[in-house]
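Asks: Sharing start-v2.txt (compact mmCIF, C-alpha atoms) below.
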# COMPACT_ATOMS: atom_id res chain seq x y z
CA MET M 1 85.29 -52.70 13.07
CA THR M 2 85.98 -49.01 12.38
CA LEU M 3 83.80 -46.65 14.39
CA THR M 4 82.43 -43.48 12.91
CA PRO M 5 83.14 -40.34 14.99
CA GLU M 6 79.49 -40.31 16.08
CA GLN M 7 79.59 -43.93 17.16
CA SER M 8 82.70 -43.44 19.25
CA PHE M 9 80.81 -40.91 21.40
CA VAL M 10 77.87 -43.13 22.32
CA ARG M 11 77.98 -44.35 25.89
CA ARG M 12 78.77 -48.01 26.26
CA VAL M 13 76.73 -50.08 28.65
CA ALA M 14 78.17 -52.51 31.20
CA VAL M 15 76.55 -55.92 30.65
CA GLN M 16 76.70 -58.98 32.88
CA CYS M 17 75.54 -62.35 31.63
CA THR M 18 76.32 -66.04 31.75
CA LEU M 19 78.05 -67.02 28.52
CA ASN M 20 78.69 -70.69 27.84
CA GLY M 21 78.45 -71.38 31.57
CA GLN M 22 80.86 -68.62 32.59
CA PRO M 23 79.89 -65.37 34.32
CA THR M 24 80.88 -62.74 31.76
CA GLU M 25 81.11 -58.95 31.86
CA PHE M 26 81.65 -56.66 28.91
CA LEU M 27 81.01 -53.14 27.65
CA ALA M 28 78.43 -53.11 24.86
CA ALA M 29 77.85 -50.34 22.35
CA PRO M 30 74.04 -50.15 22.12
CA TYR M 31 74.01 -50.11 18.33
CA LEU M 32 75.83 -53.44 18.03
CA SER M 33 73.91 -56.67 17.59
CA LEU M 34 74.55 -59.62 19.85
CA LEU M 35 76.20 -61.23 16.81
CA GLU M 36 78.66 -58.33 16.42
CA THR M 37 79.21 -58.25 20.18
CA LEU M 38 80.00 -61.97 20.33
CA ARG M 39 82.32 -61.95 17.35
CA GLU M 40 84.06 -58.60 17.73
CA THR M 41 83.87 -57.64 21.40
CA LEU M 42 84.11 -61.11 22.92
CA GLY M 43 86.15 -62.87 20.23
CA LEU M 44 83.70 -65.76 19.86
CA THR M 45 83.76 -66.20 16.09
CA GLY M 46 82.05 -69.60 15.99
CA THR M 47 78.70 -67.86 15.54
CA LYS M 48 78.52 -66.95 11.84
CA GLU M 49 77.08 -64.02 9.97
CA GLY M 50 75.05 -65.20 6.98
CA CYS M 51 72.34 -62.80 5.85
CA ASN M 52 72.42 -60.43 8.85
CA ASP M 53 68.65 -59.90 8.59
CA GLY M 54 67.00 -62.86 10.27
CA ASN M 55 66.45 -65.12 7.28
CA CYS M 56 69.26 -67.68 7.38
CA GLY M 57 69.78 -68.70 11.03
CA ALA M 58 73.60 -68.99 10.68
CA CYS M 59 73.92 -66.81 13.80
CA THR M 60 71.52 -68.88 15.93
CA VAL M 61 72.39 -68.81 19.64
CA ASN M 62 70.49 -70.02 22.69
CA VAL M 63 69.25 -67.28 25.03
CA ASN M 64 67.53 -68.39 28.24
CA GLY M 65 66.64 -71.72 26.64
CA ARG M 66 65.18 -70.26 23.44
CA ILE M 67 66.95 -70.11 20.10
CA VAL M 68 67.26 -66.63 18.58
CA ASP M 69 69.03 -65.04 15.64
CA ALA M 70 71.93 -63.13 17.23
CA CYS M 71 71.77 -60.58 14.40
CA LEU M 72 68.26 -59.56 15.54
CA MET M 73 69.10 -59.01 19.20
CA LEU M 74 71.26 -56.26 20.65
CA GLY M 75 74.39 -57.00 22.66
CA VAL M 76 73.05 -54.83 25.48
CA GLU M 77 70.02 -57.10 25.74
CA ALA M 78 72.30 -59.87 27.01
CA GLU M 79 72.10 -58.28 30.47
CA GLY M 80 71.12 -60.93 33.01
CA LYS M 81 70.65 -63.61 30.35
CA THR M 82 72.09 -67.11 30.06
CA ILE M 83 73.56 -67.49 26.59
CA GLU M 84 75.00 -70.51 24.83
CA THR M 85 76.88 -70.26 21.55
CA ILE M 86 78.42 -73.01 19.42
CA GLU M 87 81.57 -72.68 21.58
CA GLY M 88 79.53 -74.00 24.52
CA VAL M 89 78.09 -77.05 22.76
CA ALA M 90 80.96 -79.58 22.95
CA PRO M 91 81.87 -81.12 26.31
CA ALA M 92 85.52 -80.66 27.36
CA GLY M 93 87.83 -82.74 25.18
CA GLY M 94 85.10 -84.23 23.01
CA LEU M 95 82.24 -83.59 20.63
CA HIS M 96 78.54 -83.29 21.27
CA PRO M 97 76.60 -86.25 19.78
CA LEU M 98 75.13 -83.85 17.22
CA GLN M 99 78.59 -82.71 16.14
CA GLN M 100 79.74 -86.32 15.86
CA ALA M 101 76.66 -87.21 13.82
CA PHE M 102 77.17 -84.21 11.50
CA LEU M 103 80.73 -85.49 10.82
CA GLU M 104 79.63 -89.08 10.24
CA GLU M 105 76.72 -88.14 7.98
CA ALA M 106 78.73 -85.46 6.10
CA ALA M 107 76.03 -82.99 7.03
CA LEU M 108 78.10 -79.99 6.02
CA GLN M 109 80.11 -78.69 3.13
CA CYS M 110 81.16 -75.04 3.44
CA GLY M 111 80.30 -75.01 7.14
CA ILE M 112 78.94 -71.48 7.49
CA CYS M 113 75.45 -72.68 8.45
CA THR M 114 76.68 -75.50 10.68
CA PRO M 115 77.04 -73.71 14.04
CA GLY M 116 73.49 -72.39 13.69
CA PHE M 117 72.11 -75.81 12.77
CA LEU M 118 73.87 -77.39 15.74
CA VAL M 119 72.63 -74.82 18.26
CA SER M 120 69.08 -75.09 16.87
CA ALA M 121 69.05 -78.89 16.77
CA LYS M 122 70.48 -79.15 20.29
CA ALA M 123 67.66 -76.98 21.65
CA LEU M 124 65.10 -79.17 19.86
CA LEU M 125 66.47 -82.48 21.12
CA GLU M 126 66.72 -81.11 24.66
CA ALA M 127 63.08 -80.01 24.58
CA GLU M 128 61.76 -82.92 22.49
CA PRO M 129 64.05 -85.98 22.65
CA ASP M 130 61.62 -87.94 20.43
CA ALA M 131 61.21 -85.27 17.74
CA SER M 132 59.96 -86.81 14.48
CA GLU M 133 61.59 -86.18 11.11
CA GLN M 134 58.76 -83.82 10.25
CA ARG M 135 59.21 -81.96 13.53
CA ILE M 136 62.96 -81.67 12.95
CA ARG M 137 62.37 -80.27 9.47
CA LEU M 138 59.87 -77.74 10.77
CA TRP M 139 62.09 -76.71 13.70
CA LEU M 140 65.06 -76.20 11.38
CA ALA M 141 63.08 -74.17 8.81
CA GLY M 142 64.76 -71.04 10.19
CA ASN M 143 68.21 -72.40 9.31
CA LEU M 144 69.23 -72.27 5.67
CA CYS M 145 71.92 -74.41 4.03
CA ARG M 146 72.95 -73.77 0.43
CA CYS M 147 75.22 -76.83 0.12
CA THR M 148 73.80 -80.06 1.46
CA GLY M 149 70.20 -80.10 0.29
CA TYR M 150 69.18 -80.67 3.93
CA ASP M 151 68.67 -84.44 3.84
CA LYS M 152 72.10 -85.15 5.31
CA ILE M 153 71.48 -82.63 8.07
CA ILE M 154 68.12 -84.18 8.92
CA ARG M 155 69.70 -87.66 8.94
CA ALA M 156 72.44 -86.44 11.28
CA VAL M 157 69.93 -84.95 13.71
CA GLU M 158 67.90 -88.16 13.64
CA LYS M 159 71.05 -90.18 14.30
CA ALA M 160 71.99 -88.01 17.29
CA ARG M 161 68.39 -88.28 18.52
CA ASP M 162 68.47 -92.08 18.32
CA GLN M 163 71.84 -92.29 20.04
CA THR M 164 71.00 -90.00 22.96
CA LYS M 165 67.48 -91.22 23.69
CA MET R 1 74.24 -48.30 11.98
CA HIS R 2 73.63 -44.76 13.27
CA PRO R 3 74.45 -44.67 16.98
CA TYR R 4 71.51 -44.38 19.34
CA GLN R 5 70.83 -44.54 23.04
CA TYR R 6 69.41 -47.80 24.37
CA ILE R 7 66.72 -47.12 26.96
CA PRO R 8 65.38 -50.16 28.81
CA ALA R 9 62.10 -48.68 30.08
CA THR R 10 60.48 -50.25 33.12
CA ASN R 11 57.13 -48.48 32.99
CA ILE R 12 54.77 -46.89 30.46
CA THR R 13 55.23 -43.32 31.74
CA GLU R 14 58.98 -43.53 31.21
CA ALA R 15 58.61 -45.02 27.72
CA VAL R 16 56.01 -42.45 26.66
CA SER R 17 58.12 -39.55 27.94
CA MET R 18 61.08 -40.83 25.90
CA LEU R 19 58.88 -41.06 22.79
CA ALA R 20 57.63 -37.53 23.42
CA ARG R 21 61.16 -36.21 23.95
CA TYR R 22 62.74 -37.81 20.86
CA GLY R 23 59.68 -37.72 18.55
CA HIS R 24 60.20 -39.62 15.31
CA ARG R 25 63.86 -40.17 16.31
CA ALA R 26 62.77 -42.78 18.88
CA ARG R 27 61.05 -46.14 18.49
CA ILE R 28 59.77 -48.80 20.82
CA MET R 29 61.54 -52.15 20.52
CA ALA R 30 59.74 -55.38 21.43
CA GLY R 31 61.40 -58.37 19.73
CA GLY R 32 63.38 -56.12 17.42
CA THR R 33 63.01 -58.58 14.53
CA ASP R 34 61.75 -55.84 12.20
CA LEU R 35 63.29 -52.82 13.93
CA LEU R 36 66.92 -53.97 13.78
CA VAL R 37 66.60 -54.98 10.11
CA GLN R 38 65.16 -51.56 9.29
CA LEU R 39 67.89 -49.73 11.24
CA ARG R 40 70.64 -51.77 9.63
CA GLY R 41 69.12 -51.15 6.21
CA GLU R 42 69.15 -47.41 7.05
CA ARG R 43 65.44 -47.04 6.33
CA TYR R 44 65.61 -44.38 9.06
CA GLU R 45 67.92 -43.19 11.81
CA LEU R 46 67.08 -43.19 15.49
CA ASP R 47 68.54 -41.41 18.49
CA ALA R 48 66.79 -43.64 21.01
CA VAL R 49 65.62 -47.25 21.06
CA VAL R 50 63.19 -47.82 23.92
CA ASP R 51 63.18 -51.47 24.94
CA ALA R 52 59.68 -52.28 26.20
CA LYS R 53 60.22 -55.87 27.34
CA ALA R 54 60.63 -54.88 31.00
CA ILE R 55 57.29 -53.03 31.11
CA PRO R 56 54.80 -55.36 32.88
CA GLU R 57 51.71 -54.24 30.91
CA LEU R 58 53.45 -54.97 27.60
CA MET R 59 54.34 -58.50 28.73
CA GLU R 60 50.85 -59.36 30.02
CA LEU R 61 49.27 -62.53 28.67
CA THR R 62 45.92 -63.19 30.31
CA LEU R 63 43.23 -65.65 29.29
CA ASP R 64 40.04 -64.99 31.24
CA GLY R 65 37.44 -65.95 28.67
CA GLY R 66 38.78 -63.10 26.57
CA LEU R 67 42.47 -62.83 25.75
CA THR R 68 44.78 -59.92 26.55
CA ILE R 69 48.10 -59.94 24.70
CA GLY R 70 50.67 -57.35 25.82
CA ALA R 71 52.28 -55.59 22.87
CA ALA R 72 55.73 -57.12 23.47
CA VAL R 73 54.73 -60.74 24.26
CA PRO R 74 56.71 -63.04 21.94
CA CYS R 75 54.75 -65.39 19.66
CA TYR R 76 55.99 -68.57 21.33
CA GLN R 77 54.42 -67.62 24.66
CA VAL R 78 51.07 -67.43 22.92
CA TYR R 79 51.29 -70.74 21.06
CA GLU R 80 52.91 -72.70 23.89
CA ASP R 81 49.97 -71.95 26.19
CA GLY R 82 47.63 -74.93 25.79
CA ALA R 83 44.58 -73.05 27.06
CA ILE R 84 45.10 -70.25 24.53
CA VAL R 85 45.62 -72.81 21.75
CA ALA R 86 42.26 -74.36 22.62
CA ALA R 87 40.37 -71.09 22.99
CA PHE R 88 41.88 -68.99 20.16
CA PRO R 89 43.06 -71.35 17.40
CA GLY R 90 42.75 -68.65 14.73
CA ILE R 91 45.38 -66.58 16.54
CA ILE R 92 47.64 -69.61 16.88
CA ASP R 93 47.41 -70.19 13.10
CA ALA R 94 49.33 -66.91 12.68
CA ALA R 95 51.53 -66.84 15.80
CA SER R 96 53.02 -70.21 14.87
CA LEU R 97 53.89 -69.33 11.27
CA ILE R 98 55.44 -65.87 11.59
CA GLY R 99 59.12 -66.45 10.68
CA GLY R 100 60.88 -69.53 12.05
CA ILE R 101 61.41 -70.71 15.61
CA GLN R 102 64.20 -68.13 16.13
CA ILE R 103 61.93 -65.26 15.11
CA GLN R 104 59.02 -66.58 17.19
CA SER R 105 61.28 -66.49 20.26
CA ARG R 106 61.35 -62.70 20.01
CA ALA R 107 58.71 -61.33 17.60
CA SER R 108 55.40 -60.14 19.04
CA LEU R 109 51.91 -59.77 17.58
CA GLY R 110 52.00 -56.17 18.84
CA GLY R 111 55.15 -55.52 16.83
CA ASN R 112 53.58 -57.17 13.78
CA LEU R 113 50.67 -54.76 14.18
CA CYS R 114 52.86 -51.64 14.67
CA ASN R 115 55.01 -52.47 11.65
CA ALA R 116 51.77 -52.55 9.69
CA THR R 117 53.03 -54.35 6.62
CA PRO R 118 50.14 -55.30 4.32
CA SER R 119 51.37 -58.91 4.35
CA ALA R 120 51.50 -59.22 8.16
CA ASP R 121 50.19 -62.64 9.17
CA GLY R 122 49.29 -61.48 12.68
CA ILE R 123 46.88 -58.65 11.94
CA CYS R 124 43.98 -60.28 10.04
CA PRO R 125 43.30 -62.88 12.76
CA LEU R 126 43.20 -60.10 15.37
CA ILE R 127 40.66 -58.28 13.17
CA VAL R 128 38.30 -61.24 12.82
CA TYR R 129 38.43 -61.92 16.57
CA SER R 130 37.18 -58.29 16.95
CA GLY R 131 40.41 -57.26 18.67
CA VAL R 132 40.70 -53.85 20.33
CA VAL R 133 44.04 -52.12 20.84
CA THR R 134 44.96 -49.89 23.78
CA LEU R 135 47.24 -46.95 22.99
CA THR R 136 48.83 -44.72 25.60
CA GLY R 137 50.52 -41.39 25.02
CA VAL R 138 51.32 -38.19 26.85
CA GLU R 139 47.71 -37.12 26.50
CA GLY R 140 46.25 -40.30 27.96
CA THR R 141 44.89 -43.64 26.84
CA ARG R 142 42.50 -44.52 24.03
CA THR R 143 41.25 -47.68 22.36
CA MET R 144 40.33 -48.58 18.78
CA PRO R 145 39.38 -51.65 16.76
CA VAL R 146 42.40 -53.43 15.27
CA GLU R 147 41.10 -52.85 11.72
CA GLU R 148 41.53 -49.07 12.18
CA PHE R 149 45.12 -49.29 13.45
CA ALA R 150 47.10 -49.79 10.21
CA THR R 151 46.77 -46.68 8.05
CA GLY R 152 49.15 -47.47 5.17
CA PRO R 153 52.12 -49.67 4.31
CA GLY R 154 54.35 -49.40 7.40
CA ARG R 155 52.12 -46.67 8.87
CA ASN R 156 49.83 -46.84 11.89
CA ALA R 157 47.47 -44.74 13.96
CA LEU R 158 49.97 -44.01 16.75
CA GLY R 159 50.35 -40.30 17.38
CA HIS R 160 53.38 -38.36 18.60
CA GLY R 161 54.61 -39.84 21.88
CA GLU R 162 52.08 -42.67 21.75
CA MET R 163 52.68 -46.43 22.06
CA LEU R 164 50.73 -49.66 21.70
CA ILE R 165 50.15 -51.26 25.10
CA LYS R 166 48.05 -54.34 24.44
CA ILE R 167 45.51 -56.08 22.27
CA HIS R 168 42.32 -57.41 23.82
CA LEU R 169 40.17 -60.07 22.18
CA PRO R 170 36.67 -60.54 23.62
CA LYS R 171 35.54 -63.97 24.79
CA PRO R 172 34.36 -65.97 21.75
CA VAL R 173 30.61 -66.65 21.93
CA ASP R 174 29.20 -70.18 21.63
CA HIS R 175 29.34 -71.62 18.09
CA PHE R 176 32.17 -69.24 17.13
CA GLY R 177 35.17 -70.39 15.10
CA ALA R 178 38.03 -68.67 13.28
CA ALA R 179 41.00 -69.59 11.09
CA TYR R 180 43.88 -67.99 9.19
CA GLN R 181 45.64 -69.35 6.12
CA ARG R 182 48.15 -67.83 3.74
CA PHE R 183 49.64 -68.82 0.42
CA ILE R 184 53.44 -68.95 0.08
CA PRO R 185 55.49 -70.76 -2.57
CA ARG R 186 57.72 -72.41 0.07
CA ASN R 187 56.66 -74.58 2.98
CA GLU R 188 57.92 -72.27 5.77
CA MET R 189 59.64 -68.98 6.42
CA ASP R 190 58.12 -66.82 3.71
CA ILE R 191 56.05 -63.70 3.25
CA ALA R 192 52.40 -64.17 2.28
CA VAL R 193 51.47 -63.74 -1.38
CA ALA R 194 47.96 -63.50 0.04
CA GLY R 195 46.38 -64.42 3.36
CA VAL R 196 42.82 -64.61 4.67
CA ALA R 197 41.39 -64.81 8.18
CA SER R 198 37.75 -65.78 8.63
CA ALA R 199 35.52 -66.01 11.67
CA VAL R 200 31.95 -67.26 11.87
CA THR R 201 29.25 -67.48 14.49
CA LEU R 202 26.76 -70.25 13.75
CA ASP R 203 23.24 -70.72 15.06
CA ALA R 204 22.56 -73.49 17.60
CA SER R 205 21.96 -76.05 14.82
CA GLY R 206 25.46 -75.42 13.46
CA GLU R 207 24.04 -75.19 9.93
CA LYS R 208 23.37 -71.48 9.54
CA ILE R 209 25.82 -68.56 9.75
CA GLU R 210 24.58 -65.79 12.04
CA SER R 211 27.53 -63.48 11.44
CA ALA R 212 31.00 -63.55 9.93
CA ARG R 213 34.16 -61.48 9.79
CA ILE R 214 36.71 -61.81 6.98
CA ALA R 215 40.06 -59.99 6.69
CA LEU R 216 42.57 -60.04 3.83
CA ALA R 217 46.37 -59.85 3.97
CA ALA R 218 48.86 -58.79 1.28
CA VAL R 219 46.17 -57.72 -1.18
CA GLY R 220 46.03 -53.97 -0.48
CA PRO R 221 47.95 -51.16 1.23
CA ILE R 222 46.77 -52.34 4.65
CA PRO R 223 45.25 -55.54 6.04
CA ILE R 224 41.66 -55.21 4.79
CA PHE R 225 38.52 -55.89 6.80
CA ALA R 226 36.26 -57.26 4.03
CA LYS R 227 32.99 -55.85 5.32
CA GLN R 228 30.77 -56.67 2.34
CA ALA R 229 31.91 -60.28 2.17
CA SER R 230 31.47 -60.56 5.94
CA ASP R 231 27.96 -59.06 5.91
CA SER R 232 26.93 -61.19 2.92
CA LEU R 233 27.14 -64.33 5.03
CA ALA R 234 24.64 -63.28 7.71
CA GLY R 235 21.70 -65.69 7.61
CA GLN R 236 23.29 -67.90 4.94
CA PRO R 237 23.65 -71.67 5.21
CA ALA R 238 27.15 -72.84 6.18
CA THR R 239 27.81 -74.48 2.83
CA GLU R 240 30.57 -74.49 0.20
CA GLU R 241 28.26 -72.47 -2.04
CA SER R 242 28.00 -69.66 0.55
CA PHE R 243 31.75 -69.73 1.15
CA ALA R 244 32.45 -69.47 -2.59
CA LYS R 245 30.07 -66.53 -2.96
CA ALA R 246 31.75 -64.76 -0.03
CA GLY R 247 35.13 -65.43 -1.67
CA GLU R 248 33.95 -63.74 -4.87
CA ILE R 249 32.77 -60.69 -2.94
CA ALA R 250 36.00 -60.61 -0.88
CA SER R 251 38.08 -60.47 -4.05
CA THR R 252 36.19 -57.32 -5.07
CA GLU R 253 37.24 -55.72 -1.77
CA ALA R 254 40.93 -56.47 -2.38
CA SER R 255 43.18 -54.05 -4.27
CA PRO R 256 46.40 -55.99 -4.80
CA ILE R 257 49.48 -54.97 -6.74
CA SER R 258 51.72 -57.12 -8.92
CA ASP R 259 55.20 -57.55 -7.47
CA MET R 260 57.98 -60.14 -7.14
CA ARG R 261 55.72 -62.32 -4.98
CA GLY R 262 52.68 -62.50 -7.21
CA THR R 263 50.49 -60.84 -9.80
CA ILE R 264 47.20 -59.02 -9.29
CA GLU R 265 45.34 -61.88 -11.02
CA GLN R 266 46.97 -64.56 -8.87
CA ARG R 267 46.27 -62.64 -5.68
CA LEU R 268 42.60 -62.07 -6.55
CA HIS R 269 42.29 -65.79 -7.28
CA LEU R 270 43.99 -66.60 -3.96
CA VAL R 271 41.58 -64.37 -2.02
CA GLY R 272 38.69 -66.43 -3.36
CA VAL R 273 40.34 -69.76 -2.59
CA LEU R 274 41.60 -68.81 0.86
CA THR R 275 38.30 -67.20 1.84
CA ARG R 276 36.52 -70.45 0.96
CA ARG R 277 39.02 -72.59 2.81
CA THR R 278 39.23 -70.45 5.94
CA LEU R 279 35.44 -70.19 6.15
CA ALA R 280 35.20 -73.98 5.93
CA GLN R 281 37.82 -74.37 8.65
CA ALA R 282 36.20 -71.69 10.83
CA VAL R 283 32.83 -73.45 10.51
CA GLN R 284 34.41 -76.76 11.46
CA ARG R 285 35.94 -75.15 14.55
CA ALA R 286 32.66 -73.41 15.40
CA ARG R 287 30.83 -76.74 15.33
CA GLY R 288 33.34 -78.08 17.85
CA ASN R 289 32.78 -75.05 20.06
CA ALA R 290 29.21 -75.49 21.29
Rewrite the coordinates I just gave you, this time as structure tokens.

Replies:
Amino acid sequence: MTLTPEQSFVRRVAVQCTLNGQPTEFLAAPYLSLLETLRETLGLTGTKEGCNDGNCGACTVNVNGRIVDACLMLGVEAEGKTIETIEGVAPAGGLHPLQQAFLEEAALQCGICTPGFLVSAKALLEAEPDASEQRIRLWLAGNLCRCTGYDKIIRAVEKARDQTK
Amino acid sequence: MHPYQYIPATNITEAVSMLARYGHRARIMAGGTDLLVQLRGERYELDAVVDAKAIPELMELTLDGGLTIGAAVPCYQVYEDGAIVAAFPGIIDAASLIGGIQIQSRASLGGNLCNATPSADGICPLIVYSGVVTLTGVEGTRTMPVEEFATGPGRNALGHGEMLIKIHLPKPVDHFGAAYQRFIPRNEMDIAVAGVASAVTLDASGEKIESARIALAAVGPIPIFAKQASDSLAGQPATEESFAKAGEIASTEASPISDMRGTIEQRLHLVGVLTRRTLAQAVQRARGNA
């Protein structure tokens, strides 16, 4: 990212948070979103930029147990928070049941929306292990996919739900 | 994005003094779900963003018969509170359909009010519950009814150096019920083509309307308190015929435009339909609230 002369003069803010289980410190420019901070300051490019205005959910991350669009939160707001991105979803050396189910059900094509869907669905199944199909569809309404037509994604989430119950 | 200072305020005095110092070059941020989109779209430039989420008064959520909602309380806190769901279902109708789950994690009813878009889902329910807002500025604190707060598309009654602190809804009386519904072409995640909130107070028999309040979204420059339609219901039987008549009057109080979301004709039609439906739902809720 190229900074304008004005931007390069704004004071950066020291931020401490827990990121994917690790205590993390970084300097955040206050005009950068959490999405930009993750991707460009911290090098975590698994979180995708789709619309960059809160419609598509491709940048969904988990902040203190709630899913949020990382494009609609500032990097400086990470101070003191516990954040999980797609990089924190898989256990060491394996895949999360949701990731495995997405592979088996072919619940992705281009893949841009996938990290957001996984982070959203994981939060749902953790809060509501018995979530119905209708509940899954409602919960995932803030995640858009332009490839799959959604049914495969819903089937994958239901499969992961049934396997982890 | 134009560079700005990020100021995490911890009390009202500090936030107000920042607003006074920077004037229109500063804004309060609650959830930021509108603010950051507007900044990125370069609708305006700011020199200071004052984060209000660490100010205790703006995060207050108190149900004590009435309901006090701090200006920065995110929607999910409102709809995940079972006691609030039971006592203020007409507010929950809106809080649970603004954006998706991600947006509801951050967006506040106070922010919805301050952004003052005509299509805001959160404002009309606050109007029909007779909500009162508290505003604090350098010159002190004042209150006003919610229906006077929005003054134009994206404009509100806040003066220089003034901020919204909280919204207070009085305790609903016996036989009171309220509901909000909107029309959108999709199932979720869309902006209202038209929306209507209705509230009724019934007599003890549950058959007659003593008083009503109706408010209309996305059919004028601001969320509209439909006073004539509201007043027309006083003393009327709680029947489909009364609801339909109120819907006809409400559509005369709307002044919609035609745009990408809908035409004037469609919106006027929707006001009638949604007024009827929300009155019926409000009456049903009122009968369960003896």

Asks: Could you give me, as a tab-separated table, every chain R residue with an atom at most 12 Å from chain M, plus its closest atom pair and distance in Å to one decimal, counting all atoms listed in the file, rows ordered by chain then number?

Replies:
residue	atom	partner	partner_atom	distance
R:Met1	CA	M:Tyr31	CA	6.6
R:His2	CA	M:Gln7	CA	7.2
R:Pro3	CA	M:Gln7	CA	5.2
R:Tyr4	CA	M:Tyr31	CA	6.3
R:Gln5	CA	M:Pro30	CA	6.5
R:Tyr6	CA	M:Pro30	CA	5.7
R:Ile7	CA	M:Pro30	CA	9.3
R:Pro8	CA	M:Glu77	CA	8.9
R:Met29	CA	M:Met73	CA	10.3
R:Ala30	CA	M:Met73	CA	10.3
R:Gly31	CA	M:Met73	CA	7.7
R:Gly32	CA	M:Leu72	CA	6.3
R:Thr33	CA	M:Leu72	CA	5.4
R:Asp34	CA	M:Leu72	CA	8.2
R:Leu35	CA	M:Leu72	CA	8.5
R:Leu36	CA	M:Leu72	CA	6.0
R:Val37	CA	M:Asp53	CA	5.5
R:Gln38	CA	M:Asp53	CA	9.1
R:Leu39	CA	M:Tyr31	CA	9.4
R:Arg40	CA	M:Asp53	CA	8.4
R:Gly41	CA	M:Asp53	CA	9.1
R:Glu45	CA	M:Tyr31	CA	11.3
R:Leu46	CA	M:Tyr31	CA	10.2
R:Asp47	CA	M:Val10	CA	10.2
R:Ala48	CA	M:Pro30	CA	9.8
R:Val49	CA	M:Pro30	CA	9.0
R:Val50	CA	M:Pro30	CA	11.2
R:Asp51	CA	M:Glu77	CA	8.9
R:Ala52	CA	M:Glu77	CA	11.4
R:Lys53	CA	M:Glu77	CA	10.0
R:Ala54	CA	M:Glu77	CA	11.0
R:Pro74	CA	M:Arg66	CA	11.2
R:Tyr76	CA	M:Arg66	CA	9.6
R:Gln77	CA	M:Arg66	CA	11.1
R:Ser96	CA	M:Leu138	CA	11.0
R:Leu97	CA	M:Leu138	CA	10.3
R:Ile98	CA	M:Gly142	CA	10.7
R:Gly99	CA	M:Gly142	CA	7.3
R:Gly100	CA	M:Gly142	CA	4.6
R:Ile101	CA	M:Trp139	CA	6.3
R:Gln102	CA	M:Val68	CA	4.2
R:Ile103	CA	M:Val68	CA	6.5
R:Gln104	CA	M:Val68	CA	8.4
R:Ser105	CA	M:Val68	CA	6.2
R:Arg106	CA	M:Val68	CA	7.2
R:Ala107	CA	M:Leu72	CA	9.9
R:Arg186	CA	M:Ala141	CA	10.4
R:Asn187	CA	M:Ala141	CA	8.7
R:Glu188	CA	M:Ala141	CA	6.3
R:Met189	CA	M:Ala141	CA	6.7
R:Asp190	CA	M:Asn55	CA	9.2
R:Ile191	CA	M:Asn55	CA	11.2

Asks: Near Lys48 in chain M, within 7 Å and counting all atoms listed in the file, which residues show up once chain neighbours fewer than 2 positions away are dropped, as a list in words?

Replies: Thr45, Gly46, Gly50, Ala58, Cys59 and Ile112 of chain M

Asks: Take the residues from that selection and write them out as a PDB file, in the frame of the given file, keeping C-alpha atoms.

Replies:
ATOM      1  CA  THR M  45      83.760 -66.200  16.090  1.00  0.00           C
ATOM      2  CA  GLY M  46      82.050 -69.600  15.990  1.00  0.00           C
ATOM      3  CA  GLY M  50      75.050 -65.200   6.980  1.00  0.00           C
ATOM      4  CA  ALA M  58      73.600 -68.990  10.680  1.00  0.00           C
ATOM      5  CA  CYS M  59      73.920 -66.810  13.800  1.00  0.00           C
ATOM      6  CA  ILE M 112      78.940 -71.480   7.490  1.00  0.00           C
TER       7      ILE M 112
END

Asks: Which residue gives the smallest distance to Leu38 in chain M among M:Thr85, M:Asn64, M:Gly80, M:Glu104, with all atoms listed in the file counted?

Replies: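 Ranking M:Thr85, M:Asn64, M:Gly80, M:Glu104 by distance to Leu38 in chain M, first place goes to M:Thr85.
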
Asks: Tell me, as an MDAnalysis selection string, which residues lie within 12 Å of Phe26 in chain M, counting only C-alpha atoms; anything in the same chain fewer than 2 positions away does not count.

Replies: chainID M and resid 12:19 23:24 28:29 34 37:38 40:43 75:76 78:79

Asks: Select, from R:Ala246, R:Ile257, R:Ile209, R:Ile28, the residue with the minimum atom-to-atom distance to Ala234 in chain R, counting all atoms listed in the file.

Replies: R:Ile209

Asks: In Å, rounded to a single decimal, give me how far CA of Asp231 in chain R is from CA of Lys166 in chain R.

Replies: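 Separation of CA of Lys166 in chain R and CA of Asp231 in chain R: 27.7 Å.
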
Asks: Counting all atoms listed in the file, select every polymer residue within 12 Å of (24.3, -70.9, 2.1) as defined in the file's coordinates, and provide the selection as number ranges by chain.

Replies: R: 202, 207-210, 232-246, 279-280

Asks: Counting only C-alpha atoms, which residues come within 8 Å of (59.7, -42.9, 17.8), with the point read in the file's coordinates, and could you list them as a PyMOL selection string?

Replies: chain R and resi 19+22-28+46+48+160-161

Asks: Next, the residues of the selection above should be written as an mmCIF file, in the coordinates of the input with C-alpha atoms.

Replies:
data_model
loop_
_atom_site.group_PDB
_atom_site.id
_atom_site.type_symbol
_atom_site.label_atom_id
_atom_site.label_comp_id
_atom_site.auth_asym_id
_atom_site.auth_seq_id
_atom_site.Cartn_x
_atom_site.Cartn_y
_atom_site.Cartn_z
ATOM 1 C CA LEU R 19 58.880 -41.060 22.790
ATOM 2 C CA TYR R 22 62.740 -37.810 20.860
ATOM 3 C CA GLY R 23 59.680 -37.720 18.550
ATOM 4 C CA HIS R 24 60.200 -39.620 15.310
ATOM 5 C CA ARG R 25 63.860 -40.170 16.310
ATOM 6 C CA ALA R 26 62.770 -42.780 18.880
ATOM 7 C CA ARG R 27 61.050 -46.140 18.490
ATOM 8 C CA ILE R 28 59.770 -48.800 20.820
ATOM 9 C CA LEU R 46 67.080 -43.190 15.490
ATOM 10 C CA ALA R 48 66.790 -43.640 21.010
ATOM 11 C CA HIS R 160 53.380 -38.360 18.600
ATOM 12 C CA GLY R 161 54.610 -39.840 21.880
#
